[in-house]
$ cat final26.cif   # mmCIF, C-alpha atoms
data_model
loop_
_atom_site.label_atom_id
_atom_site.label_comp_id
_atom_site.auth_asym_id
_atom_site.auth_seq_id
_atom_site.Cartn_x
_atom_site.Cartn_y
_atom_site.Cartn_z
CA MET A 1 46.39 20.77 23.77
CA ALA A 2 44.03 21.54 26.65
CA ALA A 3 45.25 18.43 28.40
CA VAL A 4 48.86 19.50 27.97
CA ARG A 5 48.11 22.94 29.39
CA GLY A 6 46.32 21.33 32.32
CA VAL A 7 49.33 19.17 33.11
CA GLY A 8 51.53 22.24 32.88
CA ARG A 9 49.33 24.09 35.40
CA LEU A 10 49.43 21.16 37.83
CA LEU A 11 53.21 20.96 37.58
CA ARG A 12 53.55 24.69 38.21
CA ILE A 13 51.27 24.45 41.22
CA GLY A 14 53.39 21.58 42.52
CA CYS A 15 56.57 23.60 42.01
CA TYR A 16 55.02 26.56 43.85
CA ALA A 17 53.97 24.35 46.75
CA THR A 18 57.47 22.91 46.98
CA ARG A 19 58.94 26.39 47.26
CA GLN A 20 56.41 27.61 49.81
CA THR A 21 56.06 24.62 52.18
CA PRO A 22 58.83 24.32 54.80
CA VAL A 23 60.35 20.86 54.99
CA LEU A 24 61.78 20.67 58.50
CA THR A 25 63.25 17.20 58.12
CA THR A 26 65.30 17.95 55.00
CA PRO A 27 69.03 17.56 55.71
CA ARG A 28 71.24 20.51 54.85
CA PHE A 29 73.21 18.53 52.30
CA LEU A 30 70.10 18.07 50.13
CA GLN A 31 70.33 20.28 47.07
CA GLN A 32 67.88 21.87 44.67
CA ARG A 33 67.95 21.25 40.93
CA ARG A 34 66.45 23.50 38.25
CA PHE A 35 64.21 22.22 35.48
CA ARG A 36 61.82 23.81 33.01
CA VAL A 37 58.08 23.31 32.57
CA ASN A 38 56.64 25.26 29.62
CA GLY A 39 59.41 27.81 29.94
CA VAL A 40 58.96 28.31 33.72
CA GLN A 41 61.95 27.68 35.97
CA CYS A 42 61.10 25.38 38.91
CA GLN A 43 63.04 23.79 41.75
CA GLN A 44 63.04 20.01 42.12
CA PRO A 45 64.41 18.49 45.35
CA PHE A 46 66.49 15.38 45.04
CA ASP A 47 68.41 13.06 47.32
CA SER A 48 72.11 13.20 46.49
CA THR A 49 72.55 9.70 47.92
CA ALA A 50 70.36 8.15 45.20
CA GLU A 51 72.26 5.91 42.79
CA LYS A 52 71.28 7.70 39.61
CA PRO A 53 72.92 10.53 37.64
CA GLN A 54 72.18 13.98 39.07
CA PHE A 55 74.17 15.90 36.45
CA PRO A 56 72.18 18.94 35.28
CA GLY A 57 73.35 18.72 31.66
CA ALA A 58 71.60 15.55 30.44
CA SER A 59 69.00 12.89 31.20
CA ALA A 60 70.70 9.52 31.61
CA GLU A 61 71.21 6.35 33.58
CA PHE A 62 74.45 4.82 34.90
CA ILE A 63 75.88 1.72 33.19
CA ASP A 64 78.62 -0.58 34.47
CA HIS A 65 80.34 -1.45 31.18
CA LEU A 66 82.41 0.59 28.74
CA GLU A 67 80.43 1.41 25.61
CA PHE A 68 80.81 4.17 23.01
CA ILE A 69 77.74 5.40 21.17
CA LYS A 70 77.87 4.47 17.50
CA PRO A 71 77.49 7.26 14.90
CA ASN A 72 74.28 5.76 13.48
CA VAL A 73 72.26 4.72 16.50
CA ILE A 74 69.34 3.96 14.19
CA SER A 75 69.66 2.34 10.78
CA GLY A 76 68.72 5.52 8.94
CA ILE A 77 66.04 8.18 9.29
CA PRO A 78 63.23 7.25 6.86
CA VAL A 79 62.19 9.52 3.99
CA TYR A 80 58.54 10.58 4.15
CA ARG A 81 56.72 10.70 0.82
CA VAL A 82 53.15 10.86 -0.44
CA MET A 83 53.59 10.16 -4.18
CA ASP A 84 55.79 7.65 -5.93
CA ARG A 85 57.77 8.59 -9.05
CA GLN A 86 54.74 7.89 -11.26
CA GLY A 87 52.60 10.35 -9.31
CA GLN A 88 50.54 7.66 -7.58
CA ILE A 89 49.39 8.36 -4.01
CA ILE A 90 50.92 5.68 -1.79
CA ASN A 91 48.79 6.10 1.33
CA PRO A 92 45.40 7.78 0.70
CA SER A 93 45.28 9.07 4.27
CA GLU A 94 48.35 11.22 3.53
CA ASP A 95 46.87 12.82 0.40
CA PRO A 96 46.52 16.55 1.21
CA GLN A 97 43.33 16.62 -0.91
CA LEU A 98 44.27 19.86 -2.63
CA SER A 99 41.87 21.33 -5.16
CA LYS A 100 42.48 21.13 -8.91
CA GLU A 101 43.11 24.88 -9.01
CA THR A 102 45.73 24.64 -6.24
CA VAL A 103 47.57 21.75 -7.90
CA LEU A 104 47.55 23.52 -11.27
CA ASN A 105 48.98 26.60 -9.56
CA PHE A 106 51.75 24.43 -8.07
CA TYR A 107 52.59 23.05 -11.51
CA GLN A 108 52.49 26.39 -13.29
CA LYS A 109 54.71 28.06 -10.70
CA MET A 110 57.23 25.21 -10.86
CA THR A 111 57.39 25.30 -14.67
CA LEU A 112 57.43 29.11 -14.82
CA LEU A 113 60.42 29.10 -12.48
CA ASN A 114 62.07 26.51 -14.73
CA THR A 115 61.47 28.69 -17.81
CA MET A 116 62.80 31.81 -16.09
CA ASP A 117 65.91 29.86 -15.07
CA ARG A 118 66.64 28.77 -18.62
CA ILE A 119 66.32 32.25 -20.08
CA LEU A 120 68.36 34.00 -17.38
CA TYR A 121 71.04 31.31 -17.43
CA GLU A 122 71.44 31.80 -21.19
CA SER A 123 71.46 35.59 -20.77
CA GLN A 124 74.42 35.26 -18.43
CA ARG A 125 76.21 33.03 -20.91
CA GLN A 126 75.66 35.76 -23.52
CA GLY A 127 77.17 38.39 -21.21
CA ARG A 128 73.92 40.23 -20.56
CA ILE A 129 73.97 39.72 -16.79
CA SER A 130 76.96 39.02 -14.57
CA PHE A 131 75.86 35.93 -12.62
CA TYR A 132 73.00 33.47 -12.15
CA MET A 133 71.99 30.40 -10.14
CA THR A 134 69.35 28.00 -11.40
CA ASN A 135 66.84 26.01 -9.36
CA TYR A 136 66.60 22.94 -11.63
CA GLY A 137 65.41 19.86 -9.77
CA GLU A 138 64.53 21.65 -6.53
CA GLU A 139 61.26 23.28 -7.59
CA GLY A 140 59.20 20.94 -5.41
CA THR A 141 60.96 22.06 -2.23
CA HIS A 142 60.17 25.71 -3.04
CA ILE A 143 56.52 25.45 -3.99
CA GLY A 144 55.51 22.76 -1.50
CA SER A 145 56.96 24.65 1.46
CA ALA A 146 55.80 28.11 0.32
CA ALA A 147 52.21 26.90 -0.09
CA ALA A 148 52.15 25.58 3.48
CA LEU A 149 53.05 28.92 5.06
CA ASP A 150 50.90 31.89 5.99
CA PRO A 151 51.58 35.10 4.02
CA GLY A 152 52.68 36.83 7.23
CA ASP A 153 55.36 34.26 8.02
CA LEU A 154 58.88 35.56 7.65
CA VAL A 155 61.21 33.90 5.13
CA PHE A 156 65.00 33.77 5.36
CA GLY A 157 66.40 32.26 2.17
CA GLN A 158 69.87 31.20 1.12
CA TYR A 159 70.14 31.84 -2.63
CA ARG A 160 68.19 29.04 -4.30
CA GLU A 161 64.63 29.79 -3.16
CA ALA A 162 63.31 31.94 -6.01
CA GLY A 163 60.25 29.70 -6.22
CA VAL A 164 59.21 30.61 -2.67
CA LEU A 165 59.20 34.27 -3.60
CA MET A 166 57.45 33.55 -6.91
CA TYR A 167 54.70 31.61 -5.11
CA ARG A 168 54.15 34.60 -2.81
CA GLY A 169 53.45 36.82 -5.79
CA PHE A 170 56.79 38.41 -6.64
CA PRO A 171 56.36 39.49 -10.29
CA LEU A 172 58.62 38.50 -13.16
CA ASP A 173 59.40 42.17 -13.79
CA LEU A 174 61.04 42.46 -10.37
CA PHE A 175 62.98 39.20 -10.75
CA MET A 176 64.40 40.59 -13.97
CA ALA A 177 64.99 44.06 -12.52
CA GLN A 178 67.06 42.55 -9.72
CA CYS A 179 69.17 40.40 -12.03
CA TYR A 180 69.75 43.35 -14.37
CA ALA A 181 70.26 45.77 -11.44
CA ASN A 182 68.12 48.38 -13.16
CA ALA A 183 66.19 51.35 -11.80
CA ASP A 184 63.19 49.17 -10.89
CA ASP A 185 65.25 46.89 -8.64
CA LEU A 186 63.99 47.00 -5.05
CA GLY A 187 67.61 46.64 -3.93
CA LYS A 188 68.62 49.69 -6.02
CA GLY A 189 71.25 47.76 -7.93
CA ARG A 190 73.45 47.10 -4.91
CA GLN A 191 73.28 43.29 -4.84
CA MET A 192 74.53 40.48 -7.02
CA PRO A 193 71.93 38.82 -9.27
CA VAL A 194 69.54 36.32 -7.57
CA HIS A 195 69.87 38.15 -4.23
CA TYR A 196 66.17 38.92 -4.06
CA GLY A 197 64.19 40.47 -1.24
CA SER A 198 60.72 41.90 -0.62
CA LYS A 199 59.57 43.64 2.53
CA ASP A 200 55.93 43.51 1.35
CA LEU A 201 56.12 39.73 0.92
CA ASN A 202 58.03 39.14 4.18
CA PHE A 203 61.05 37.77 2.33
CA VAL A 204 64.33 38.95 3.87
CA THR A 205 66.93 39.99 1.29
CA ILE A 206 69.42 37.26 0.40
CA SER A 207 72.92 37.59 1.80
CA SER A 208 75.91 36.01 0.02
CA PRO A 209 77.95 34.81 3.04
CA LEU A 210 76.94 31.23 3.75
CA ALA A 211 74.63 30.45 6.71
CA THR A 212 74.41 33.98 8.11
CA GLN A 213 70.62 33.74 7.80
CA ILE A 214 70.39 30.85 10.28
CA PRO A 215 71.12 32.72 13.56
CA GLN A 216 69.31 35.77 12.15
CA ALA A 217 66.21 33.64 11.69
CA ALA A 218 66.47 32.42 15.29
CA GLY A 219 66.54 36.02 16.51
CA ALA A 220 63.58 37.00 14.34
CA ALA A 221 61.57 34.00 15.54
CA TYR A 222 62.32 34.87 19.17
CA ALA A 223 61.07 38.41 18.52
CA LEU A 224 57.83 37.09 17.01
CA LYS A 225 57.37 34.83 20.01
CA ARG A 226 57.77 37.75 22.43
CA GLU A 227 55.28 39.80 20.42
CA ASN A 228 52.82 36.86 20.42
CA GLU A 229 51.95 37.49 16.77
CA ASN A 230 50.91 33.94 15.79
CA ARG A 231 53.55 33.99 13.06
CA ALA A 232 56.41 31.67 12.23
CA VAL A 233 59.81 32.01 10.59
CA ILE A 234 61.16 29.63 7.98
CA CYS A 235 64.87 29.48 7.27
CA TYR A 236 66.20 27.76 4.14
CA PHE A 237 69.74 26.45 3.75
CA GLY A 238 71.67 23.64 2.09
CA GLU A 239 73.49 20.70 3.63
CA GLY A 240 76.78 22.51 2.99
CA ALA A 241 75.66 25.52 5.01
CA ALA A 242 74.82 23.13 7.88
CA SER A 243 78.58 22.64 8.29
CA GLU A 244 79.02 26.31 9.21
CA GLY A 245 79.32 27.39 12.83
CA ASP A 246 76.34 29.69 12.33
CA ALA A 247 74.15 26.61 11.92
CA HIS A 248 75.09 25.40 15.41
CA ALA A 249 74.37 28.82 16.89
CA GLY A 250 71.00 29.07 15.18
CA PHE A 251 69.91 25.54 16.10
CA ASN A 252 70.94 25.92 19.73
CA PHE A 253 69.45 29.38 20.25
CA SER A 254 66.13 28.44 18.66
CA ALA A 255 65.81 25.29 20.78
CA THR A 256 66.79 26.82 24.11
CA LEU A 257 64.74 29.99 23.51
CA GLU A 258 61.82 27.90 22.21
CA CYS A 259 61.25 29.81 18.98
CA PRO A 260 58.51 29.28 16.35
CA LEU A 261 60.99 28.47 13.60
CA ILE A 262 61.18 25.95 10.75
CA PHE A 263 64.68 25.06 9.63
CA PHE A 264 64.32 23.83 6.04
CA CYS A 265 67.42 22.08 4.71
CA ARG A 266 67.60 21.37 0.99
CA ASN A 267 69.94 18.41 0.87
CA ASN A 268 70.66 18.41 -2.88
CA GLY A 269 73.75 16.23 -2.86
CA TYR A 270 76.46 18.82 -3.43
CA ALA A 271 77.85 21.86 -1.64
CA ILE A 272 79.15 23.47 -4.84
CA SER A 273 81.53 20.62 -5.78
CA THR A 274 81.71 18.84 -2.42
CA PRO A 275 79.53 15.69 -2.33
CA THR A 276 77.71 14.71 0.84
CA ASN A 277 80.10 11.82 1.58
CA GLU A 278 82.86 14.41 1.98
CA GLN A 279 80.62 16.92 3.77
CA TYR A 280 79.56 14.86 6.82
CA ARG A 281 79.80 11.38 8.32
CA GLY A 282 76.49 11.15 10.19
CA ASP A 283 73.03 10.33 8.86
CA GLY A 284 72.40 13.57 7.01
CA ILE A 285 71.07 16.74 8.59
CA ALA A 286 67.81 15.54 10.17
CA ALA A 287 69.82 13.33 12.52
CA ARG A 288 71.26 16.44 14.15
CA GLY A 289 67.88 17.74 15.29
CA PRO A 290 67.43 15.50 18.35
CA GLY A 291 70.87 16.51 19.62
CA TYR A 292 69.59 20.07 19.86
CA GLY A 293 66.22 19.03 21.26
CA MET A 294 64.40 19.72 17.99
CA MET A 295 61.62 17.78 16.31
CA SER A 296 62.94 16.56 12.95
CA ILE A 297 61.71 14.89 9.78
CA ARG A 298 63.24 13.80 6.47
CA VAL A 299 61.05 14.16 3.38
CA ASP A 300 61.25 13.41 -0.33
CA GLY A 301 61.99 16.87 -1.70
CA ASN A 302 60.91 15.79 -5.20
CA ASP A 303 57.40 15.08 -3.86
CA VAL A 304 55.68 18.45 -3.61
CA PHE A 305 52.84 16.97 -1.52
CA ALA A 306 55.22 15.46 1.04
CA VAL A 307 57.00 18.81 1.36
CA TYR A 308 53.64 20.57 1.71
CA ASN A 309 52.35 18.20 4.41
CA ALA A 310 55.55 18.31 6.47
CA THR A 311 55.89 22.08 6.32
CA LYS A 312 52.23 22.69 7.10
CA GLU A 313 52.33 20.48 10.21
CA ALA A 314 55.67 21.89 11.33
CA ARG A 315 54.33 25.42 10.90
CA ARG A 316 51.16 24.62 12.90
CA ARG A 317 53.07 23.10 15.79
CA ALA A 318 55.87 25.67 15.78
CA VAL A 319 53.34 28.45 16.38
CA ALA A 320 51.09 26.49 18.77
CA GLU A 321 53.92 25.05 20.88
CA ASN A 322 56.67 27.65 20.45
CA GLN A 323 59.34 25.21 19.36
CA PRO A 324 61.62 24.84 16.32
CA PHE A 325 61.35 22.09 13.72
CA LEU A 326 63.97 20.74 11.34
CA ILE A 327 62.92 19.51 7.89
CA GLU A 328 65.51 17.83 5.67
CA ALA A 329 64.23 17.72 2.09
CA MET A 330 66.16 15.15 0.04
CA THR A 331 66.48 16.39 -3.54
CA TYR A 332 69.05 16.83 -6.30
CA ARG A 333 70.68 19.87 -7.87
CA ILE A 334 70.37 19.15 -11.58
CA GLY A 335 72.02 22.37 -12.74
CA HIS A 336 75.50 23.66 -12.07
CA HIS A 337 75.97 25.33 -8.70
CA SER A 338 76.07 28.67 -10.50
CA THR A 339 77.30 30.17 -13.76
CA SER A 340 80.76 30.17 -12.14
CA ASP A 341 80.70 26.36 -11.88
CA ASP A 342 81.14 23.43 -14.28
CA SER A 343 79.67 20.40 -12.52
CA SER A 344 80.88 18.02 -15.24
CA ALA A 345 84.25 18.17 -13.47
CA TYR A 346 82.93 16.30 -10.42
CA ARG A 347 79.87 14.27 -11.46
CA SER A 348 78.80 12.15 -14.41
CA VAL A 349 76.27 12.93 -17.12
CA ASP A 350 74.48 9.65 -16.33
CA GLU A 351 73.99 10.73 -12.72
CA VAL A 352 72.44 14.04 -13.73
CA ASN A 353 70.26 12.43 -16.41
CA TYR A 354 68.77 9.99 -13.90
CA TRP A 355 67.38 12.80 -11.75
CA ASP A 356 66.41 14.94 -14.73
CA LYS A 357 64.57 12.19 -16.63
CA GLN A 358 63.41 9.69 -14.02
CA ASP A 359 62.85 11.48 -10.69
CA HIS A 360 62.04 15.11 -11.37
CA PRO A 361 59.51 16.96 -9.16
CA ILE A 362 57.82 18.58 -12.17
CA SER A 363 57.31 15.33 -14.07
CA ARG A 364 56.05 13.61 -10.91
CA LEU A 365 53.37 16.23 -10.39
CA ARG A 366 52.43 16.11 -14.06
CA HIS A 367 51.88 12.34 -13.79
CA TYR A 368 49.55 13.04 -10.85
CA MET A 369 47.55 15.60 -12.84
CA SER A 370 47.42 13.48 -16.02
CA ALA A 371 45.99 10.52 -14.08
CA ARG A 372 43.09 12.77 -13.08
CA SER A 373 42.65 14.24 -16.59
CA TRP A 374 43.55 17.69 -15.23
CA TRP A 375 46.39 18.25 -17.70
CA GLY A 376 47.28 16.96 -21.14
CA GLU A 377 49.56 17.60 -24.10
CA GLU A 378 47.44 20.45 -25.42
CA GLU A 379 47.48 22.29 -22.08
CA GLU A 380 51.21 21.64 -21.78
CA ARG A 381 52.05 23.15 -25.17
CA ALA A 382 49.83 26.18 -24.56
CA TRP A 383 51.29 26.84 -21.10
CA ARG A 384 54.89 26.40 -22.21
CA LYS A 385 54.31 28.93 -24.98
CA GLN A 386 52.52 31.36 -22.66
CA SER A 387 55.07 31.08 -19.85
CA ARG A 388 57.98 31.71 -22.22
CA LYS A 389 56.17 34.74 -23.60
CA LEU A 390 55.65 36.12 -20.07
CA VAL A 391 59.30 35.65 -19.17
CA MET A 392 60.59 37.13 -22.43
CA GLU A 393 58.39 40.22 -22.07
CA ALA A 394 59.77 40.88 -18.60
CA PHE A 395 63.30 40.10 -19.83
CA GLU A 396 63.13 42.58 -22.71
CA LYS A 397 61.62 45.27 -20.51
CA ALA A 398 64.37 44.89 -17.89
CA GLU A 399 67.12 44.99 -20.48
CA LYS A 400 65.91 48.33 -21.86
CA ARG A 401 65.44 49.97 -18.47
CA LEU A 402 67.96 52.52 -17.19
CA LYS A 403 70.36 51.73 -14.35
CA PRO A 404 69.72 53.21 -10.85
CA LYS A 405 70.93 56.78 -10.38
CA PRO A 406 74.53 56.94 -9.07
CA ASP A 407 73.54 59.04 -6.05
CA LEU A 408 72.03 55.89 -4.53
CA LEU A 409 75.59 54.78 -3.78
CA PHE A 410 75.50 57.11 -0.79
CA SER A 411 71.95 56.69 0.58
CA ASP A 412 70.24 54.31 3.02
CA VAL A 413 73.13 54.11 5.49
CA TYR A 414 72.31 57.19 7.59
CA GLN A 415 68.99 58.98 7.90
CA GLU A 416 70.79 62.17 6.90
CA MET A 417 73.92 62.07 4.77
CA THR A 418 77.03 62.78 6.82
CA PRO A 419 79.54 65.51 5.80
CA ASN A 420 82.19 62.99 4.74
CA LEU A 421 79.68 61.20 2.50
CA GLU A 422 78.67 64.54 0.97
CA LYS A 423 82.32 65.20 0.14
CA GLN A 424 82.69 61.74 -1.38
CA LYS A 425 79.62 62.27 -3.54
CA GLU A 426 80.89 65.64 -4.77
CA ALA A 427 84.29 64.11 -5.54
CA MET A 428 82.64 61.28 -7.48
CA TRP A 429 80.68 63.69 -9.68
CA ARG A 430 83.75 65.85 -10.34
CA HIS A 431 85.59 62.73 -11.45
CA VAL A 432 82.71 61.55 -13.65
CA HIS A 433 82.39 64.96 -15.35
CA GLN A 434 86.13 65.26 -15.86
CA TYR A 435 86.37 61.84 -17.52
CA LYS A 436 82.87 61.68 -18.96
CA GLU A 437 84.02 59.74 -22.03
CA HIS A 438 84.52 56.74 -19.71
CA TYR A 439 81.19 57.07 -17.85
CA PRO A 440 77.98 56.69 -19.94
CA VAL A 441 75.78 58.61 -17.50
CA ASP A 442 72.97 58.68 -20.05
CA LEU A 443 72.39 54.97 -19.25
CA TYR A 444 71.56 55.84 -15.64
CA ASP A 445 68.29 57.06 -14.19
CA LYS A 446 68.19 60.79 -13.47
#
$ encode --input "final26.cif" --output "structure tokens"
Amino acid sequence: MAAVRGVGRLLRIGCYATRQTPVLTTPRFLQQRRFRVNGVQCQQPFDSTAEKPQFPGASAEFIDHLEFIKPNVISGIPVYRVMDRQGQIINPSEDPQLSKETVLNFYQKMTLLNTMDRILYESQRQGRISFYMTNYGEEGTHIGSAAALDPGDLVFGQYREAGVLMYRGFPLDLFMAQCYANADDLGKGRQMPVHYGSKDLNFVTISSPLATQIPQAAGAAYALKRENENRAVICYFGEGAASEGDAHAGFNFSATLECPLIFFCRNNGYAISTPTNEQYRGDGIAARGPGYGMMSIRVDGNDVFAVYNATKEARRRAVAENQPFLIEAMTYRIGHHSTSDDSSAYRSVDEVNYWDKQDHPISRLRHYMSARSWWGEEEERAWRKQSRKLVMEAFEKAEKRLKPKPDLLFSDVYQEMTPNLEKQKEAMWRHVHQYKEHYPVDLYDK
């Protein structure tokens, strides 16, 4: 790094000397071209008679034959992994050498998330909550990336990153409170289920419209850069969201403004019902990074160690070098897109069973632990029983809790309630009292 800074200083000195030293023999038709060195604008003289491209928009050479660039310039971006499907470390030098306690924490968070998903999915099917989205099959992308971040790093999620929040310490009670929209919900009952958020844990509240978080994350990362806080931003999204215009805006802004930002794409095979072969024609999402001037990598999203290593290195360099990174985590969405979806209409049972039974991130990590005698059948049975008990206790508590007080409909928009909002609130209460048989106000917090 010191060497890089030294080169940067020499280049800046050279640029300064070029500006200050009069060149009496320079013809008038010679022009000046701008270029950047570590964010500093410099002037570079060039001879317009030279037979090489002088266009300011790209670095290139002339050719004398007609040739179109093929869509896949390289045969395919490789997928980085650390463990195989049996949990064996492939290259010992890539083993993150995590402690037993850390690995057990990974496993317990992944399985706890899985248990919570099953119970809340069934509660929606029973009509107890209105909506839910599971995380089946993608637990490794959550826990591996969350563990590689600093607690102060800012997280922008899409809607399938509950494990990131769980790893940061978000309690089961608050997951349940949000899904039940009760009086303990940090969002005060205003959001759909699974739209979590926590200011204390630096997790920005989920927004339903697809990809809106991507340019927002670029702006937040630019602000952190200007404040020189030694923090990074991570922005999660799916391969479907990468087709939105907001993705282009976020990628381009973060690259040109040189922001400490990690774009984390969960490529799980389907954008609701649209498979990847109908979503794009190029080599996935990682292939787009170089076009924006971003460092990119493709990882095995079912390998929690590969996700951890890639995110940790991307985070380190994003902060040290003030540049964005793009991580494409290849994984598979085992569950339906949401409780509003029936994935059997567009994919086979055999396809789902392959990923569920043969290449699941939880089973892969368990193989790793079993080979080291860190985990066995007895521990598995005890933990499954304990984790279900923890989830059910939070579930039952949330179900009995009162709903947020109706007055919260009118707060948190203005510092002081405006006269028209006061009138609306009064009109609401008159209506509720007049037709009280239709409004069970006793179920709401006072």
$ resolve_selection --input "final26.cif" --expression "the PyMOL selection byres ((chain A and resi 197-205) around 9)" --output "MDAnalysis selection string"
chainID A and resid 151:157 164:165 168:170 186:187 195:196 206:207
$ write_last_selection --input "final26.cif" --atoms "C-alpha atoms" --output "compact mmCIF listing (two decimals), keeping the file's coordinate frame"
# COMPACT_ATOMS: atom_id res chain seq x y z
CA PRO A 151 51.58 35.10 4.02
CA GLY A 152 52.68 36.83 7.23
CA ASP A 153 55.36 34.26 8.02
CA LEU A 154 58.88 35.56 7.65
CA VAL A 155 61.21 33.90 5.13
CA PHE A 156 65.00 33.77 5.36
CA GLY A 157 66.40 32.26 2.17
CA VAL A 164 59.21 30.61 -2.67
CA LEU A 165 59.20 34.27 -3.60
CA ARG A 168 54.15 34.60 -2.81
CA GLY A 169 53.45 36.82 -5.79
CA PHE A 170 56.79 38.41 -6.64
CA LEU A 186 63.99 47.00 -5.05
CA GLY A 187 67.61 46.64 -3.93
CA HIS A 195 69.87 38.15 -4.23
CA TYR A 196 66.17 38.92 -4.06
CA ILE A 206 69.42 37.26 0.40
CA SER A 207 72.92 37.59 1.80
$ atom_distance --input "final26.cif" --atom1 "CA of Asn267 (chain A)" --atom2 "CA of Tyr368 (chain A)"
24.1 Å
$ resolve_selection --input "final26.cif" --expression "the PyMOL selection byres ((chain A and resi 399) around 12)" --output "compact mmCIF listing (two decimals) with C-alpha atoms, in the frame of the given file"
# COMPACT_ATOMS: atom_id res chain seq x y z
CA LEU A 120 68.36 34.00 -17.38
CA SER A 123 71.46 35.59 -20.77
CA ARG A 128 73.92 40.23 -20.56
CA ILE A 129 73.97 39.72 -16.79
CA ASP A 173 59.40 42.17 -13.79
CA MET A 176 64.40 40.59 -13.97
CA ALA A 177 64.99 44.06 -12.52
CA GLN A 178 67.06 42.55 -9.72
CA CYS A 179 69.17 40.40 -12.03
CA TYR A 180 69.75 43.35 -14.37
CA ALA A 181 70.26 45.77 -11.44
CA ASN A 182 68.12 48.38 -13.16
CA ALA A 183 66.19 51.35 -11.80
CA ASP A 184 63.19 49.17 -10.89
CA MET A 392 60.59 37.13 -22.43
CA GLU A 393 58.39 40.22 -22.07
CA ALA A 394 59.77 40.88 -18.60
CA PHE A 395 63.30 40.10 -19.83
CA GLU A 396 63.13 42.58 -22.71
CA LYS A 397 61.62 45.27 -20.51
CA ALA A 398 64.37 44.89 -17.89
CA LYS A 400 65.91 48.33 -21.86
CA ARG A 401 65.44 49.97 -18.47
CA LEU A 402 67.96 52.52 -17.19
CA LYS A 403 70.36 51.73 -14.35
CA LEU A 443 72.39 54.97 -19.25
$ residues_near_point --input "final26.cif" --point "(77.1, 25.9, -10.8)" --cutoff "12 Å" --atoms "only C-alpha atoms" --output "PyMOL selection string"
chain A and resi 121+131-136+160+270-274+333-347
$ residues_around --input "final26.cif" --residues "region 424-436 of chain A" --least-positions-apart "4" --cutoff "9 Å" --atoms "all atoms listed in the file" --output "PDB file with C-alpha atoms, in the coordinates of the input"
ATOM      1  CA  ASP A 407      73.540  59.040  -6.050  1.00  0.00           C
ATOM      2  CA  LEU A 409      75.590  54.780  -3.780  1.00  0.00           C
ATOM      3  CA  PHE A 410      75.500  57.110  -0.790  1.00  0.00           C
ATOM      4  CA  PRO A 419      79.540  65.510   5.800  1.00  0.00           C
ATOM      5  CA  ASN A 420      82.190  62.990   4.740  1.00  0.00           C
ATOM      6  CA  PRO A 440      77.980  56.690 -19.940  1.00  0.00           C
ATOM      7  CA  VAL A 441      75.780  58.610 -17.500  1.00  0.00           C
TER       8      VAL A 441
END
$ atom_distance --input "final26.cif" --atom1 "CA of Ala249 (chain A)" --atom2 "CA of Phe68 (chain A)"
26.2 Å
$ atom_distance --input "final26.cif" --atom1 "CA of Asp359 (chain A)" --atom2 "CA of Asn302 (chain A)"
7.2 Å
$ resolve_selection --input "final26.cif" --expression "the PyMOL selection byres ((chain A and resi 276-282) around 9)" --output "list in words"
Pro71, Asn72, Glu239, Gly240, Ser243, Asn267, Asn268, Gly269, Tyr270, Ala271, Thr274, Pro275, Asp283, Gly284, Ile285, Ala287 and Arg288 of chain A
$ residues_around --input "final26.cif" --residues "Met83 (chain A)" --least-positions-apart "5" --cutoff "8 Å" --atoms "only C-alpha atoms" --output "PyMOL selection string"
chain A and resi 88-90+303+305-306+364
$ axis_aligned_box --input "final26.cif" --around "region 423-441 of chain A" --padding-each-side "5 Å" --output "AutoDock Vina command-line options"
--center_x 81.1 --center_y 61.3 --center_z -10.9 --size_x 20.6 --size_y 19.2 --size_z 32.2
$ closest_residue --input "final26.cif" --among "A:Val233, A:Ala146, A:Arg266, A:Asn105" --to "Tyr159 (chain A)" --atoms "only C-alpha atoms"
A:Arg266
$ residues_near_point --input "final26.cif" --point "(64.8, 22.4, -1.6)" --cutoff "8 Å" --atoms "only C-alpha atoms" --output "mmCIF file with C-alpha atoms, in the frame of the given file"
data_model
loop_
_atom_site.group_PDB
_atom_site.id
_atom_site.type_symbol
_atom_site.label_atom_id
_atom_site.label_comp_id
_atom_site.auth_asym_id
_atom_site.auth_seq_id
_atom_site.Cartn_x
_atom_site.Cartn_y
_atom_site.Cartn_z
ATOM 1 C CA GLU A 138 64.530 21.650 -6.530
ATOM 2 C CA GLU A 139 61.260 23.280 -7.590
ATOM 3 C CA GLY A 140 59.200 20.940 -5.410
ATOM 4 C CA THR A 141 60.960 22.060 -2.230
ATOM 5 C CA HIS A 142 60.170 25.710 -3.040
ATOM 6 C CA ARG A 160 68.190 29.040 -4.300
ATOM 7 C CA GLU A 161 64.630 29.790 -3.160
ATOM 8 C CA TYR A 236 66.200 27.760 4.140
ATOM 9 C CA GLY A 238 71.670 23.640 2.090
ATOM 10 C CA PHE A 264 64.320 23.830 6.040
ATOM 11 C CA CYS A 265 67.420 22.080 4.710
ATOM 12 C CA ARG A 266 67.600 21.370 0.990
ATOM 13 C CA ASN A 267 69.940 18.410 0.870
ATOM 14 C CA ASN A 268 70.660 18.410 -2.880
ATOM 15 C CA GLY A 301 61.990 16.870 -1.700
ATOM 16 C CA ALA A 329 64.230 17.720 2.090
ATOM 17 C CA MET A 330 66.160 15.150 0.040
ATOM 18 C CA THR A 331 66.480 16.390 -3.540
#
